[in-house]
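Engineer: Handing over work_11.cif, mmCIF, C-alpha atoms.
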```cif
data_entry
#
loop_
_atom_site.label_atom_id
_atom_site.label_comp_id
_atom_site.auth_asym_id
_atom_site.auth_seq_id
_atom_site.Cartn_x
_atom_site.Cartn_y
_atom_site.Cartn_z
CA MET A 122 -14.57 19.43 5.45
CA GLU A 123 -11.14 20.82 4.47
CA ILE A 124 -8.76 17.95 3.83
CA THR A 125 -5.02 18.56 3.73
CA ILE A 126 -2.58 16.86 1.37
CA THR A 127 -1.16 14.94 4.32
CA SER A 128 -4.62 13.63 5.19
CA TRP A 129 -5.18 12.49 1.61
CA ILE A 130 -1.85 10.66 1.58
CA LEU A 131 -2.67 8.94 4.88
CA ALA A 132 -6.14 8.04 3.62
CA PHE A 133 -4.84 6.63 0.33
CA CYS A 134 -2.27 4.51 2.19
CA ALA A 135 -5.07 3.34 4.49
CA SER A 136 -7.28 2.34 1.56
CA PHE A 137 -4.40 0.44 -0.06
CA ILE A 138 -3.70 -1.47 3.17
CA LEU A 139 -7.42 -2.14 3.55
CA GLY A 140 -7.45 -3.74 0.11
CA VAL A 141 -4.43 -5.89 0.92
CA SER A 142 -6.11 -6.98 4.16
CA LYS A 143 -9.40 -7.89 2.45
CA ALA A 144 -7.48 -9.91 -0.13
CA GLY A 145 -6.32 -12.20 2.67
CA LEU A 146 -3.50 -10.65 4.69
CA LYS A 147 -5.55 -10.45 7.87
CA GLY A 148 -4.20 -8.44 10.79
CA ILE A 149 -2.80 -5.46 8.92
CA GLY A 150 -6.28 -3.99 8.69
CA MET A 151 -5.66 -2.36 12.06
CA VAL A 152 -3.10 -0.11 10.37
CA THR A 153 -5.97 1.22 8.21
CA VAL A 154 -7.84 2.30 11.35
CA THR A 155 -4.74 4.10 12.65
CA LEU A 156 -4.09 6.00 9.42
CA MET A 157 -7.73 6.98 8.91
CA ALA A 158 -7.99 8.20 12.50
CA LEU A 159 -4.88 10.33 11.98
CA ALA A 160 -6.35 11.73 8.76
CA PHE A 161 -9.93 12.42 9.86
CA GLY A 162 -10.24 11.91 13.63
CA ALA A 163 -11.22 8.90 15.74
CA ARG A 164 -15.03 9.09 15.64
CA GLU A 165 -15.34 10.47 12.11
CA SER A 166 -13.06 7.79 10.69
CA THR A 167 -15.21 4.95 12.07
CA GLY A 168 -18.03 5.82 9.70
CA LEU A 169 -15.80 6.83 6.82
CA ILE A 170 -14.17 3.40 6.73
CA VAL A 171 -17.38 1.32 6.60
CA PRO A 172 -18.25 1.83 2.89
CA LEU A 173 -14.61 1.09 2.00
CA LEU A 174 -14.77 -2.09 4.05
CA LEU A 175 -17.89 -3.16 2.18
CA VAL A 176 -16.14 -2.74 -1.17
CA GLY A 177 -13.34 -5.01 0.04
CA ASP A 178 -15.84 -7.45 1.54
CA VAL A 179 -17.72 -7.85 -1.74
CA PHE A 180 -14.49 -8.61 -3.59
CA ALA A 181 -13.35 -11.10 -0.93
CA VAL A 182 -16.72 -12.88 -0.96
CA LEU A 183 -16.73 -13.19 -4.74
CA TYR A 184 -13.14 -14.40 -4.88
CA TYR A 185 -13.03 -16.77 -1.89
CA THR A 186 -16.67 -17.81 -1.39
CA ARG A 187 -16.05 -21.43 -2.48
CA HIS A 188 -13.87 -21.86 0.59
CA THR A 189 -16.47 -20.57 3.09
CA GLN A 190 -17.23 -22.75 6.12
CA TRP A 191 -20.83 -21.86 6.87
CA ARG A 192 -21.02 -23.67 10.20
CA HIS A 193 -18.61 -21.11 11.64
CA ILE A 194 -20.60 -18.23 10.13
CA LEU A 195 -23.80 -19.52 11.74
CA ARG A 196 -22.05 -20.02 15.06
CA PHE A 197 -20.14 -16.74 15.28
CA THR A 198 -22.22 -14.12 13.43
CA PRO A 199 -25.20 -13.84 15.86
CA TRP A 200 -22.82 -13.12 18.73
CA MET A 201 -20.90 -10.55 16.68
CA VAL A 202 -24.07 -8.76 15.57
CA SER A 203 -25.15 -8.62 19.23
CA GLY A 204 -21.83 -7.00 20.04
CA VAL A 205 -22.37 -4.45 17.25
CA LEU A 206 -25.70 -3.43 18.81
CA ILE A 207 -24.11 -3.14 22.25
CA GLY A 208 -21.25 -1.08 20.81
CA THR A 209 -23.72 1.22 19.05
CA PHE A 210 -25.29 2.32 22.32
CA LEU A 211 -21.99 2.37 24.25
CA GLY A 212 -20.29 4.64 21.74
CA LYS A 213 -23.11 6.92 20.55
CA ASP A 214 -22.84 9.65 23.17
CA LEU A 215 -19.24 9.20 24.29
CA PRO A 216 -17.18 12.43 24.29
CA GLY A 217 -14.25 12.45 21.86
CA ASP A 218 -11.56 11.94 24.53
CA VAL A 219 -13.47 9.10 26.18
CA PHE A 220 -14.07 7.52 22.76
CA LYS A 221 -10.30 7.44 22.17
CA ILE A 222 -9.71 5.89 25.58
CA PHE A 223 -12.36 3.24 24.81
CA MET A 224 -10.49 2.36 21.62
CA VAL A 225 -7.22 2.05 23.55
CA VAL A 226 -8.86 -0.24 26.14
CA ILE A 227 -10.12 -2.51 23.35
CA ILE A 228 -6.62 -2.71 21.91
CA LEU A 229 -5.09 -3.52 25.31
CA ILE A 230 -7.56 -6.38 25.66
CA SER A 231 -6.82 -7.64 22.16
CA VAL A 232 -3.06 -7.56 22.73
CA THR A 233 -3.52 -9.51 25.99
CA VAL A 234 -5.70 -12.10 24.22
CA MET A 235 -3.16 -12.40 21.41
CA TYR A 236 -0.32 -12.96 23.88
CA TRP A 237 -2.34 -15.57 25.79
CA TRP A 238 -3.20 -17.45 22.61
CA ASP A 239 0.39 -17.43 21.38
CA LEU A 240 1.52 -19.09 24.64
CA ARG A 241 -1.01 -21.91 24.46
CA LYS A 242 0.43 -25.27 23.47
CA SER A 243 -2.86 -27.14 23.14
CA LYS A 244 -4.03 -28.05 19.63
CA ASN A 245 -7.60 -28.74 20.73
CA VAL A 246 -10.33 -26.76 19.01
CA PRO A 247 -12.51 -24.86 21.55
CA GLY A 248 -15.99 -26.32 21.23
CA HIS A 249 -17.88 -24.58 24.05
CA TRP A 250 -20.47 -21.98 23.02
CA ALA A 251 -19.00 -19.54 25.54
CA PHE A 252 -15.80 -19.24 23.50
CA ALA A 253 -17.70 -18.18 20.37
CA GLY A 254 -19.95 -15.96 22.50
CA ILE A 255 -17.18 -14.07 24.26
CA MET A 256 -15.07 -13.63 21.13
CA GLY A 257 -18.10 -12.73 18.99
CA ILE A 258 -19.56 -10.10 21.34
CA THR A 259 -16.14 -8.57 21.94
CA ALA A 260 -15.46 -8.49 18.20
CA GLY A 261 -18.85 -6.84 17.61
CA VAL A 262 -18.27 -4.11 20.18
CA ALA A 263 -14.73 -3.57 18.85
CA THR A 264 -15.86 -3.29 15.23
CA MET A 265 -18.58 -0.75 16.05
CA ILE A 266 -16.43 1.39 18.34
CA GLY A 267 -13.38 1.47 16.10
CA ASN A 268 -13.51 -1.12 13.28
CA LEU A 269 -11.15 -3.22 15.39
CA ALA A 270 -12.72 -6.68 15.28
CA GLY A 271 -9.78 -8.23 13.46
CA ALA A 272 -7.86 -9.42 16.51
CA PHE A 273 -10.81 -11.30 17.99
CA SER A 274 -12.19 -12.78 14.77
CA ASN A 275 -8.67 -13.81 13.73
CA LEU A 276 -8.21 -15.59 17.05
CA TYR A 277 -11.51 -17.39 16.70
CA PHE A 278 -10.77 -18.68 13.20
CA LEU A 279 -7.22 -19.61 14.16
CA ALA A 280 -8.63 -21.49 17.14
CA MET A 281 -10.86 -23.42 14.75
CA ARG A 282 -7.69 -24.48 12.87
CA LEU A 283 -9.00 -23.25 9.53
CA PRO A 284 -6.57 -23.56 6.58
CA LYS A 285 -5.56 -20.36 4.77
CA ASN A 286 -8.25 -20.20 2.07
CA GLU A 287 -11.05 -21.37 4.38
CA PHE A 288 -9.95 -18.76 6.91
CA ILE A 289 -10.16 -15.99 4.29
CA GLY A 290 -13.43 -17.16 2.72
CA THR A 291 -15.23 -17.57 6.04
CA ALA A 292 -13.99 -14.23 7.39
CA ALA A 293 -15.08 -12.54 4.15
CA TRP A 294 -18.75 -13.49 4.63
CA LEU A 295 -18.61 -12.73 8.36
CA PHE A 296 -17.45 -9.17 7.77
CA LEU A 297 -19.74 -8.55 4.82
CA ILE A 298 -22.75 -9.44 6.98
CA THR A 299 -21.47 -7.45 9.97
CA ASN A 300 -20.56 -4.34 7.98
CA LEU A 301 -23.99 -4.37 6.30
CA VAL A 302 -25.52 -4.33 9.80
CA LYS A 303 -23.23 -1.46 10.80
CA LEU A 304 -24.01 0.68 7.75
CA PRO A 305 -27.51 1.96 8.75
CA LEU A 306 -26.35 2.36 12.36
CA HIS A 307 -23.59 4.72 11.23
CA ILE A 308 -25.98 6.60 8.94
CA PHE A 309 -29.01 7.01 11.20
CA VAL A 310 -27.77 6.54 14.78
CA TRP A 311 -24.19 7.86 14.89
CA GLU A 312 -24.57 10.01 11.74
CA THR A 313 -20.93 9.41 10.78
CA ILE A 314 -21.74 8.61 7.13
CA SER A 315 -22.92 11.42 4.85
CA TRP A 316 -22.89 12.36 1.18
CA GLU A 317 -19.65 14.21 1.84
CA SER A 318 -17.98 11.16 3.38
CA LEU A 319 -19.20 8.98 0.50
CA LEU A 320 -17.53 11.37 -1.99
CA ILE A 321 -14.28 10.89 -0.08
CA ASN A 322 -14.80 7.12 -0.32
CA LEU A 323 -15.16 7.34 -4.10
CA LYS A 324 -11.83 9.13 -4.39
CA LEU A 325 -10.14 6.40 -2.32
CA LEU A 326 -11.42 3.46 -4.41
CA PRO A 327 -8.26 3.25 -6.60
CA GLY A 328 -6.23 2.61 -3.44
CA ILE A 329 -8.49 -0.30 -2.47
CA PHE A 330 -8.35 -1.88 -5.93
CA LEU A 331 -4.55 -1.61 -6.01
CA GLY A 332 -4.40 -3.19 -2.55
CA LEU A 333 -6.73 -6.02 -3.54
CA TYR A 334 -4.60 -6.84 -6.59
CA THR A 335 -1.40 -6.78 -4.53
CA GLY A 336 -2.90 -8.83 -1.70
CA VAL A 337 -4.20 -11.62 -3.95
CA ARG A 338 -0.78 -12.06 -5.54
CA VAL A 339 0.98 -12.16 -2.17
CA VAL A 340 -1.49 -14.59 -0.55
CA LYS A 341 -0.99 -17.11 -3.36
CA ILE A 342 2.68 -17.61 -2.48
CA ILE A 343 2.21 -17.93 1.30
CA ARG A 344 2.13 -21.45 2.76
CA ASP A 345 -0.55 -22.42 5.30
CA ARG A 346 1.81 -22.91 8.25
CA PHE A 347 3.53 -19.57 7.69
CA TYR A 348 0.18 -17.86 7.12
CA ARG A 349 -1.01 -18.84 10.61
CA LYS A 350 2.11 -17.40 12.25
CA MET A 351 1.96 -14.29 10.09
CA ILE A 352 -1.64 -13.56 11.12
CA LEU A 353 -0.71 -13.72 14.80
CA VAL A 354 2.26 -11.39 14.33
CA LEU A 355 0.44 -8.88 12.10
CA THR A 356 -2.56 -8.73 14.42
CA ALA A 357 -0.34 -8.04 17.44
CA VAL A 358 1.71 -5.42 15.59
CA GLY A 359 -1.44 -3.76 14.28
CA ALA A 360 -2.86 -3.61 17.81
CA LEU A 361 0.31 -1.92 19.09
CA LEU A 362 0.18 0.63 16.27
CA ILE A 363 -3.37 1.53 17.23
CA LEU A 364 -2.32 1.86 20.89
CA LEU A 365 0.61 4.14 20.04
CA ARG A 366 -1.14 6.41 17.57
#
```
Starting from the coordinates I provided, produce the structure as structure tokens.

Structural biologist:
Amino acid sequence: MEITITSWILAFCASFILGVSKAGLKGIGMVTVTLMALAFGARESTGLIVPLLLVGDVFAVLYYTRHTQWRHILRFTPWMVSGVLIGTFLGKDLPGDVFKIFMVVIILISVTVMYWWDLRKSKNVPGHWAFAGIMGITAGVATMIGNLAGAFSNLYFLAMRLPKNEFIGTAAWLFLITNLVKLPLHIFVWETISWESLLINLKLLPGIFLGLYTGVRVVKIIRDRFYRKMILVLTAVGALLILLR
């Protein structure tokens, strides 16, 4: 694989933003998907990102694990893993152009869901299993097809009215578990992870660590009320960036 200077710059920026996202600034992770797709292509980038996500997940789990709300993990994760398995078979043999269209459709759905949620005035927490089921399966399909689960998982945790640190800690474990499930699927089923892609990952690690450091410092100064609004805005903006790439 011949990688241009432009692609390396895009990839380094993507890894930095990924680190910031994993440190707690949820929503901007979609920008990572956009930049990596521009650098390496839509399908290839889906596998390339997974090991980088796992590095960020491990940090987030270690740093925020005391804030984890396990009841939400137990409720949401089985649905999301089911969605990952569905997405694996939906996306395996899709032609490149169709794969891109599938990614755009997912983003259109996520933007619509974001807009609907932002208009709701009710403060009630959705308690029906169907809410977790729909959001979880959709998030699972989205994360396998294009690492785009953020919009749906963000909405679920926001709907549960989780405070800032509990939001981050719970999401950290959710994505660590999900990305560990995705790893062998990308290696053995889609074959989008190879020794060559792992060498690229190693070269991008400094960007992740710099992003993690920056993200932790920024999250500390953000108040809970503002954090909730910021997540909604960043998720919507990130979805539009993916759509327009």

Engineer: Could you list the residues chosen by the PyMOL selection byres ((chain A and resi 205-208) around 7) in this structure as a ChimeraX atom specification?

Structural biologist: /A:201-204,209-212,261-262,264-266

Engineer: Between CA of Phe197 (chain A) and CA of Ile258 (chain A), what is the distance, to one decimal in Å?

Structural biologist: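 The value is 9.0 Å.
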
Engineer: Where does the PyMOL selection byres ((chain A and resi 178-190) around 8) land in this file, that is, which residues does it pick, as a list in words?

Structural biologist: Lys143, Ala144, Gly145, Leu174, Leu175, Val176, Gly177, Trp191, Arg192, His193, Ile194, Asn286, Glu287, Phe288, Ile289, Gly290, Thr291, Ala293, Trp294, Phe296 and Leu297 of chain A

Engineer: Could you give me, as a list in words, the residues that have an atom at most 8 Å away from the point (-14.9, -8.9, 13.8) in the coordinates of the file, using only C-alpha atoms?

Structural biologist: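 In the file's frame, the residues around the point are Met201, Gly257, Ala260, Gly261, Ala263, Thr264, Asn268, Leu269, Ala270, Gly271, Ala272, Phe273, Ser274, Asn275, Leu295, Phe296 and Thr299 of chain A.
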
Engineer: Please write the residues from the selection above to a file, keeping C-alpha atoms, as a PDB file, in the frame of the given file.

Structural biologist:
```pdb
ATOM      1  CA  MET A 201     -20.900 -10.550  16.680  1.00  0.00           C
ATOM      2  CA  GLY A 257     -18.100 -12.730  18.990  1.00  0.00           C
ATOM      3  CA  ALA A 260     -15.460  -8.490  18.200  1.00  0.00           C
ATOM      4  CA  GLY A 261     -18.850  -6.840  17.610  1.00  0.00           C
ATOM      5  CA  ALA A 263     -14.730  -3.570  18.850  1.00  0.00           C
ATOM      6  CA  THR A 264     -15.860  -3.290  15.230  1.00  0.00           C
ATOM      7  CA  ASN A 268     -13.510  -1.120  13.280  1.00  0.00           C
ATOM      8  CA  LEU A 269     -11.150  -3.220  15.390  1.00  0.00           C
ATOM      9  CA  ALA A 270     -12.720  -6.680  15.280  1.00  0.00           C
ATOM     10  CA  GLY A 271      -9.780  -8.230  13.460  1.00  0.00           C
ATOM     11  CA  ALA A 272      -7.860  -9.420  16.510  1.00  0.00           C
ATOM     12  CA  PHE A 273     -10.810 -11.300  17.990  1.00  0.00           C
ATOM     13  CA  SER A 274     -12.190 -12.780  14.770  1.00  0.00           C
ATOM     14  CA  ASN A 275      -8.670 -13.810  13.730  1.00  0.00           C
ATOM     15  CA  LEU A 295     -18.610 -12.730   8.360  1.00  0.00           C
ATOM     16  CA  PHE A 296     -17.450  -9.170   7.770  1.00  0.00           C
ATOM     17  CA  THR A 299     -21.470  -7.450   9.970  1.00  0.00           C
TER      18      THR A 299
END
```

Engineer: Any idea what the distance is between CA of Ala135 (chain A) and CA of Arg338 (chain A)?

Structural biologist: 18.9 Å

Engineer: Could you state the separation of CA of Val302 (chain A) and CA of Val340 (chain A) in Å, given to one decimal place?

Structural biologist: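 A separation of 28.1 Å between them.
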
Engineer: Written as a ChimeraX atom specification, what is the full residue list that the PyMOL selection byres ((chain A and resi 310-326) around 6) yields on the file shown?

Structural biologist: /A:133,165,168-169,213,306-309,327-329

Engineer: Could you turn the residues from that selection into a file that holds C-alpha atoms, as a PDB file, keeping the file's coordinate frame?

Structural biologist:
```
ATOM      1  CA  PHE A 133      -4.840   6.630   0.330  1.00  0.00           C
ATOM      2  CA  GLU A 165     -15.340  10.470  12.110  1.00  0.00           C
ATOM      3  CA  GLY A 168     -18.030   5.820   9.700  1.00  0.00           C
ATOM      4  CA  LEU A 169     -15.800   6.830   6.820  1.00  0.00           C
ATOM      5  CA  LYS A 213     -23.110   6.920  20.550  1.00  0.00           C
ATOM      6  CA  LEU A 306     -26.350   2.360  12.360  1.00  0.00           C
ATOM      7  CA  HIS A 307     -23.590   4.720  11.230  1.00  0.00           C
ATOM      8  CA  ILE A 308     -25.980   6.600   8.940  1.00  0.00           C
ATOM      9  CA  PHE A 309     -29.010   7.010  11.200  1.00  0.00           C
ATOM     10  CA  PRO A 327      -8.260   3.250  -6.600  1.00  0.00           C
ATOM     11  CA  GLY A 328      -6.230   2.610  -3.440  1.00  0.00           C
ATOM     12  CA  ILE A 329      -8.490  -0.300  -2.470  1.00  0.00           C
TER      13      ILE A 329
END
```

Engineer: Quick one: residues within 10 Å of Arg344 (chain A), only C-alpha atoms, excluding same-chain residues fewer than 4 positions away - as a list in words?

Structural biologist: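 My list of contacting residues is Pro284, Lys285, Val340, Tyr348 and Arg349 of chain A.
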
Engineer: Save the residues we just selected, C-alpha atoms, as a tab-separated table (two decimals), keeping the file's coordinate frame?

Structural biologist:
```tsv
chain	number	residue	atom	x	y	z
A	284	PRO	CA	-6.57	-23.56	6.58
A	285	LYS	CA	-5.56	-20.36	4.77
A	340	VAL	CA	-1.49	-14.59	-0.55
A	348	TYR	CA	0.18	-17.86	7.12
A	349	ARG	CA	-1.01	-18.84	10.61
```

Engineer: Measuring atom to atom with only C-alpha atoms, identify which of A:Met256, A:Leu331, A:Leu355, A:Leu131 is nearest to Ala158 (chain A).

Structural biologist: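 Ranking A:Met256, A:Leu331, A:Leu355, A:Leu131 by distance to Ala158 (chain A), first place goes to A:Leu131.
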
Engineer: Taking 4 positions as the minimum chain separation for residues in the same chain, which residues sit within 8 Å of Leu304 (chain A) when counting all atoms listed in the file? Answer as a PDB file with C-alpha atoms, in the coordinates of the input.

Structural biologist:
```
ATOM      1  CA  VAL A 171     -17.380   1.320   6.600  1.00  0.00           C
ATOM      2  CA  PRO A 172     -18.250   1.830   2.890  1.00  0.00           C
ATOM      3  CA  ASN A 300     -20.560  -4.340   7.980  1.00  0.00           C
ATOM      4  CA  ILE A 308     -25.980   6.600   8.940  1.00  0.00           C
TER       5      ILE A 308
END
```

Engineer: Reconstruct N, CA and C atoms of region 297-311 of chain A; output as a CSV table (one decimal), in the frame of the given file.

Structural biologist:
```csv
chain,number,residue,atom,x,y,z
A,297,LEU,N,-18.7,-9.1,5.7
A,297,LEU,CA,-19.7,-8.6,4.8
A,297,LEU,C,-21.1,-8.4,5.5
A,298,ILE,N,-21.5,-9.5,6.2
A,298,ILE,CA,-22.8,-9.4,7.0
A,298,ILE,C,-22.7,-8.4,8.1
A,299,THR,N,-21.6,-8.4,8.8
A,299,THR,CA,-21.5,-7.4,10.0
A,299,THR,C,-21.4,-6.0,9.5
A,300,ASN,N,-20.7,-5.7,8.5
A,300,ASN,CA,-20.6,-4.3,8.0
A,300,ASN,C,-21.9,-3.8,7.4
A,301,LEU,N,-22.7,-4.8,6.8
A,301,LEU,CA,-24.0,-4.4,6.3
A,301,LEU,C,-24.9,-4.0,7.5
A,302,VAL,N,-24.7,-4.7,8.6
A,302,VAL,CA,-25.5,-4.3,9.8
A,302,VAL,C,-25.1,-3.0,10.3
A,303,LYS,N,-23.8,-2.7,10.3
A,303,LYS,CA,-23.2,-1.5,10.8
A,303,LYS,C,-23.6,-0.2,10.0
A,304,LEU,N,-23.8,-0.4,8.7
A,304,LEU,CA,-24.0,0.7,7.8
A,304,LEU,C,-25.2,1.6,8.2
A,305,PRO,N,-26.4,1.1,8.3
A,305,PRO,CA,-27.5,2.0,8.8
A,305,PRO,C,-27.3,2.5,10.2
A,306,LEU,N,-26.6,1.8,11.0
A,306,LEU,CA,-26.4,2.4,12.4
A,306,LEU,C,-25.5,3.6,12.3
A,307,HIS,N,-24.5,3.6,11.4
A,307,HIS,CA,-23.6,4.7,11.2
A,307,HIS,C,-24.3,5.9,10.6
A,308,ILE,N,-25.3,5.6,9.7
A,308,ILE,CA,-26.0,6.6,8.9
A,308,ILE,C,-27.0,7.3,9.8
A,309,PHE,N,-27.8,6.5,10.5
A,309,PHE,CA,-29.0,7.0,11.2
A,309,PHE,C,-28.8,7.2,12.7
A,310,VAL,N,-27.9,6.4,13.3
A,310,VAL,CA,-27.8,6.5,14.8
A,310,VAL,C,-26.6,7.4,15.1
A,311,TRP,N,-25.4,7.1,14.6
A,311,TRP,CA,-24.2,7.9,14.9
A,311,TRP,C,-24.0,9.0,13.9
```
